[in-house]
>>> print(open('start36.txt').read())   # compact mmCIF, C-alpha atoms
# COMPACT_ATOMS: atom_id res chain seq x y z
CA MET Y 27 67.37 121.41 104.15
CA LYS Y 28 70.33 119.02 104.27
CA ARG Y 29 73.62 120.14 105.75
CA ASN Y 30 76.39 120.96 103.28
CA ASN Y 31 79.56 120.35 105.29
CA TYR Y 32 79.54 116.55 105.30
CA ILE Y 33 82.74 114.71 104.35
CA SER Y 34 83.43 113.30 100.91
CA TRP Y 35 83.50 109.57 100.14
CA ASN Y 36 87.28 109.83 99.76
CA ASP Y 37 87.69 111.41 103.20
CA TYR Y 38 85.27 108.91 104.70
CA PHE Y 39 87.04 105.81 103.38
CA MET Y 40 90.54 107.17 104.00
CA GLY Y 41 89.35 108.04 107.51
CA VAL Y 42 88.42 104.38 108.03
CA ALA Y 43 91.87 103.33 106.77
CA TYR Y 44 93.53 105.94 109.02
CA LEU Y 45 91.51 104.82 112.04
CA SER Y 46 92.37 101.17 111.28
CA ALA Y 47 96.06 102.07 111.26
CA MET Y 48 95.72 103.20 114.85
CA ARG Y 49 95.19 99.51 115.83
CA SER Y 50 98.75 98.64 114.78
CA LYS Y 51 101.19 97.77 117.56
CA ASP Y 52 104.15 98.85 115.39
CA GLU Y 53 105.91 101.83 116.99
CA SER Y 54 107.50 103.04 113.76
CA SER Y 55 104.84 102.45 111.10
CA GLN Y 56 101.08 102.31 111.45
CA VAL Y 57 99.36 101.49 108.16
CA GLY Y 58 95.66 100.98 107.50
CA ALA Y 59 93.68 99.86 104.47
CA CYS Y 60 90.00 99.99 103.53
CA ILE Y 61 88.56 98.18 100.49
CA VAL Y 62 85.41 99.61 98.92
CA SER Y 63 83.02 98.22 96.32
CA SER Y 64 81.77 100.15 93.31
CA GLN Y 65 78.59 100.80 95.33
CA ASN Y 66 80.65 102.54 98.07
CA HIS Y 67 80.26 99.69 100.54
CA ILE Y 68 83.20 98.84 102.79
CA VAL Y 69 84.06 95.21 102.07
CA GLY Y 70 87.38 94.82 103.91
CA ILE Y 71 89.64 96.62 106.36
CA GLY Y 72 93.06 95.83 107.80
CA TYR Y 73 96.16 97.16 109.49
CA ASN Y 74 99.75 96.00 109.81
CA GLY Y 75 100.25 93.46 112.57
CA LEU Y 76 101.14 89.92 113.46
CA PRO Y 77 99.15 86.94 112.16
CA ILE Y 78 96.14 85.79 114.17
CA GLY Y 79 97.21 83.72 117.17
CA CYS Y 80 100.70 85.23 117.41
CA ASP Y 81 101.22 87.20 120.62
CA ASP Y 82 102.43 90.75 119.99
CA ASN Y 83 104.78 90.41 122.97
CA ASP Y 84 106.51 87.28 121.64
CA PHE Y 85 107.88 88.83 118.44
CA PRO Y 86 110.30 91.69 117.74
CA TRP Y 87 109.13 95.09 116.52
CA GLU Y 88 112.60 96.44 115.68
CA ARG Y 89 113.47 97.90 112.29
CA ASP Y 90 117.21 97.25 112.47
CA GLY Y 91 119.32 94.25 113.34
CA LYS Y 92 119.57 90.66 112.16
CA TRP Y 93 116.57 89.85 109.96
CA LEU Y 94 115.05 87.35 112.41
CA ASP Y 95 115.39 89.93 115.18
CA THR Y 96 113.31 92.52 113.26
CA LYS Y 97 109.59 92.82 112.53
CA TYR Y 98 109.96 92.17 108.80
CA PRO Y 99 109.66 88.38 108.67
CA TYR Y 100 106.61 88.40 110.95
CA VAL Y 101 104.30 91.36 110.30
CA VAL Y 102 101.43 91.09 107.82
CA HIS Y 103 100.88 94.36 105.95
CA ALA Y 104 97.56 96.22 106.05
CA GLU Y 105 96.73 95.47 102.41
CA PRO Y 106 96.80 91.64 102.64
CA ASN Y 107 94.96 91.83 105.96
CA ALA Y 108 92.20 93.89 104.31
CA ILE Y 109 92.09 91.44 101.37
CA LEU Y 110 91.89 88.45 103.73
CA ASN Y 111 89.20 90.20 105.82
CA SER Y 112 87.08 90.97 102.76
CA THR Y 113 83.45 89.89 102.66
CA ILE Y 114 82.98 89.64 98.88
CA PRO Y 115 85.08 88.95 95.76
CA LEU Y 116 87.17 92.09 95.15
CA GLN Y 117 86.98 92.33 91.35
CA GLY Y 118 86.59 96.01 90.46
CA CYS Y 119 86.96 97.33 94.01
CA ARG Y 120 89.22 100.16 95.13
CA MET Y 121 91.57 100.26 98.10
CA TYR Y 122 92.25 103.23 100.35
CA VAL Y 123 95.59 102.86 102.10
CA THR Y 124 97.59 105.22 104.29
CA LEU Y 125 100.95 104.20 102.75
CA PHE Y 126 101.64 103.34 99.11
CA PRO Y 127 101.81 99.52 98.79
CA CYS Y 128 105.09 97.65 98.56
CA ASN Y 129 105.75 95.29 95.65
CA GLU Y 130 104.58 92.22 97.59
CA CYS Y 131 101.28 93.91 98.45
CA ALA Y 132 100.95 95.15 94.86
CA LYS Y 133 101.01 91.52 93.67
CA LEU Y 134 98.20 90.59 96.05
CA ILE Y 135 96.18 93.68 95.10
CA ILE Y 136 96.48 92.79 91.43
CA GLN Y 137 95.61 89.13 92.00
CA SER Y 138 92.55 90.06 94.08
CA GLY Y 139 91.06 92.13 91.25
CA ILE Y 140 91.26 95.53 92.93
CA ARG Y 141 91.37 98.15 90.14
CA GLU Y 142 92.28 101.37 91.98
CA ILE Y 143 94.48 102.40 94.91
CA ILE Y 144 94.04 105.72 96.71
CA TYR Y 145 96.90 106.44 99.11
CA LEU Y 146 98.01 109.14 101.55
CA SER Y 147 101.77 108.79 101.77
CA ASP Y 148 104.45 107.63 99.35
CA LYS Y 149 107.37 107.97 101.76
CA TYR Y 150 109.38 105.24 100.01
CA GLU Y 151 108.99 106.84 96.58
CA GLY Y 152 111.94 106.10 94.30
CA THR Y 153 113.18 103.05 96.24
CA ASP Y 154 113.56 99.71 94.48
CA VAL Y 155 110.46 98.38 96.26
CA ASP Y 156 108.41 101.39 95.13
CA ILE Y 157 109.67 101.17 91.54
CA ALA Y 158 108.84 97.45 91.39
CA SER Y 159 105.40 98.06 92.86
CA LYS Y 160 104.55 100.77 90.33
CA LYS Y 161 105.91 98.69 87.47
CA LEU Y 162 103.60 95.81 88.45
CA LEU Y 163 100.58 98.04 88.98
CA ASN Y 164 101.14 99.83 85.65
CA ALA Y 165 101.52 96.54 83.77
CA ALA Y 166 98.27 95.24 85.30
CA GLY Y 167 96.38 98.45 84.63
CA VAL Y 168 95.70 99.22 88.28
CA ILE Y 169 95.13 102.94 88.75
CA TYR Y 170 96.78 104.63 91.72
CA ARG Y 171 96.53 108.17 92.94
CA LYS Y 172 97.48 110.20 95.96
CA LEU Y 173 94.62 111.66 97.97
CA GLU Y 174 95.36 115.35 98.21
CA ASP Y 175 93.95 117.56 100.95
CA PHE Y 176 92.75 114.72 103.17
CA HIS Y 177 91.17 116.19 106.24
CA ILE Y 178 88.77 115.10 108.87
CA VAL Y 179 87.41 117.80 111.13
CA VAL Y 180 85.76 116.74 114.36
CA ASP Y 181 83.11 119.20 115.45
CA THR Y 182 82.57 118.91 119.18
CA ASN Y 183 80.37 122.02 119.42
CA GLU Y 184 76.94 120.41 119.21
>>> encode(input="start36.txt", output="C-alpha cells")
Amino acid sequence: MKRNNYISWNDYFMGVAYLSAMRSKDESSQVGACIVSSQNHIVGIGYNGLPIGCDDNDFPWERDGKWLDTKYPYVVHAEPNAILNSTIPLQGCRMYVTLFPCNECAKLIIQSGIREIIYLSDKYEGTDVDIASKKLLNAAGVIYRKLEDFHIVVDTNE
C-alpha cells in the first residue's frame, strides 16, 4: 500500500523555489524561482544574485543610498535567472516563485512563453511596479495565483 502523506506537486515545486532562494547572498530579500513543464518536469531554477563572474564581495547589497551604491543596478532577479538556466523552450510552462514578479520580470516571463505563475508572497501589492506587472500579465493572458497553505513538513522520525 502506498503512503498517503506525500507532498503535492505545488508544495514540491514551491519547495524547490524556496530552497533556491536560500542561495541568495542578499540580506534583505531572498527570492527563488522554479520553472516546470506541463509534464511536471523541472526545466529551470534560479535565485536573485549577481551575474556570473561578478564577485559578491565587490558589489553593494544595500537597499538605500545613491543608486550606484545599492544592489538594484547589479542584481539579477530569480525569474530571469531561472529563464536563462532553462533546459528547454518555455512555451506553456509554469513558474513557481517565492515573490510576485516585478514588471521587468513580467516582461521576460511573457516573452519566454510561460503561461502561469504561482507565487508565495505579494509584499509589494498595490505599488506602481506591482500594478504594471499585473497589467502586463493580464494583457498577455498569463495566469497568476497565490499558493495558499504552502507547507513542507520534515519528518525526522524514521
>>> closest_residue(input="start36.txt", among="Y:Lys51, Y:Arg141, Y:Lys97, Y:His67", to="Thr113 of chain Y", atoms="all atoms listed in the file")
Y:His67
>>> residues_around(input="start36.txt", residues="segment 154-164 of chain Y", least_positions_apart="5", cutoff="10 Å", atoms="all atoms listed in the file", output="ChimeraX atom specification")
/Y:126-133,135-136,141-143,148-149,169-170
>>> residues_near_point(input="start36.txt", point="(96.4, 101.2, 100.3)", cutoff="7 Å", atoms="only C-alpha atoms", output="PyMOL selection string")
chain Y and resi 59+105+121-127+143-145
>>> closest_residue(input="start36.txt", among="Y:Leu116, Y:Leu110, Y:Leu45, Y:Val57", to="Ser147 of chain Y", atoms="all atoms listed in the file")
Y:Val57
>>> closest_residue(input="start36.txt", among="Y:Cys80, Y:Gly152, Y:Asn30, Y:Ser54", to="Tyr100 of chain Y", atoms="only C-alpha atoms")
Y:Cys80
>>> closest_residue(input="start36.txt", among="Y:Lys172, Y:Ser64, Y:Ser50, Y:Leu94", to="Asp82 of chain Y", atoms="all atoms listed in the file")
Y:Ser50
>>> build_atoms(input="start36.txt", residues="segment 128-142 of chain Y", atoms="N, CA and C atoms", output="PDB file, in the frame of the given file")
ATOM      1  N   CYS Y 128     103.815  98.228  98.999  1.00  0.00           N
ATOM      2  CA  CYS Y 128     105.090  97.650  98.560  1.00  0.00           C
ATOM      3  C   CYS Y 128     104.831  96.697  97.399  1.00  0.00           C
ATOM      4  N   ASN Y 129     105.888  96.182  96.798  1.00  0.00           N
ATOM      5  CA  ASN Y 129     105.750  95.290  95.650  1.00  0.00           C
ATOM      6  C   ASN Y 129     105.039  93.982  95.999  1.00  0.00           C
ATOM      7  N   GLU Y 130     105.257  93.465  97.191  1.00  0.00           N
ATOM      8  CA  GLU Y 130     104.580  92.220  97.590  1.00  0.00           C
ATOM      9  C   GLU Y 130     103.082  92.453  97.726  1.00  0.00           C
ATOM     10  N   CYS Y 131     102.698  93.573  98.320  1.00  0.00           N
ATOM     11  CA  CYS Y 131     101.280  93.910  98.450  1.00  0.00           C
ATOM     12  C   CYS Y 131     100.676  94.214  97.082  1.00  0.00           C
ATOM     13  N   ALA Y 132     101.441  94.851  96.208  1.00  0.00           N
ATOM     14  CA  ALA Y 132     100.950  95.150  94.860  1.00  0.00           C
ATOM     15  C   ALA Y 132     100.553  93.856  94.149  1.00  0.00           C
ATOM     16  N   LYS Y 133     101.339  92.800  94.305  1.00  0.00           N
ATOM     17  CA  LYS Y 133     101.010  91.520  93.670  1.00  0.00           C
ATOM     18  C   LYS Y 133      99.674  90.989  94.168  1.00  0.00           C
ATOM     19  N   LEU Y 134      99.449  91.085  95.473  1.00  0.00           N
ATOM     20  CA  LEU Y 134      98.200  90.590  96.050  1.00  0.00           C
ATOM     21  C   LEU Y 134      97.010  91.460  95.624  1.00  0.00           C
ATOM     22  N   ILE Y 135      97.230  92.756  95.555  1.00  0.00           N
ATOM     23  CA  ILE Y 135      96.180  93.680  95.100  1.00  0.00           C
ATOM     24  C   ILE Y 135      95.771  93.335  93.673  1.00  0.00           C
ATOM     25  N   ILE Y 136      96.751  93.143  92.822  1.00  0.00           N
ATOM     26  CA  ILE Y 136      96.480  92.790  91.430  1.00  0.00           C
ATOM     27  C   ILE Y 136      95.733  91.460  91.350  1.00  0.00           C
ATOM     28  N   GLN Y 137      96.231  90.461  92.045  1.00  0.00           N
ATOM     29  CA  GLN Y 137      95.610  89.130  92.000  1.00  0.00           C
ATOM     30  C   GLN Y 137      94.186  89.130  92.530  1.00  0.00           C
ATOM     31  N   SER Y 138      93.892  90.022  93.484  1.00  0.00           N
ATOM     32  CA  SER Y 138      92.550  90.060  94.080  1.00  0.00           C
ATOM     33  C   SER Y 138      91.526  90.725  93.177  1.00  0.00           C
ATOM     34  N   GLY Y 139      91.980  91.472  92.162  1.00  0.00           N
ATOM     35  CA  GLY Y 139      91.060  92.130  91.250  1.00  0.00           C
ATOM     36  C   GLY Y 139      90.782  93.583  91.576  1.00  0.00           C
ATOM     37  N   ILE Y 140      91.428  94.117  92.595  1.00  0.00           N
ATOM     38  CA  ILE Y 140      91.260  95.530  92.930  1.00  0.00           C
ATOM     39  C   ILE Y 140      91.783  96.355  91.757  1.00  0.00           C
ATOM     40  N   ARG Y 141      91.028  97.384  91.351  1.00  0.00           N
ATOM     41  CA  ARG Y 141      91.370  98.150  90.140  1.00  0.00           C
ATOM     42  C   ARG Y 141      91.907  99.544  90.420  1.00  0.00           C
ATOM     43  N   GLU Y 142      91.800 100.024  91.679  1.00  0.00           N
ATOM     44  CA  GLU Y 142      92.280 101.370  91.980  1.00  0.00           C
ATOM     45  C   GLU Y 142      92.796 101.427  93.408  1.00  0.00           C
TER      46      GLU Y 142
END
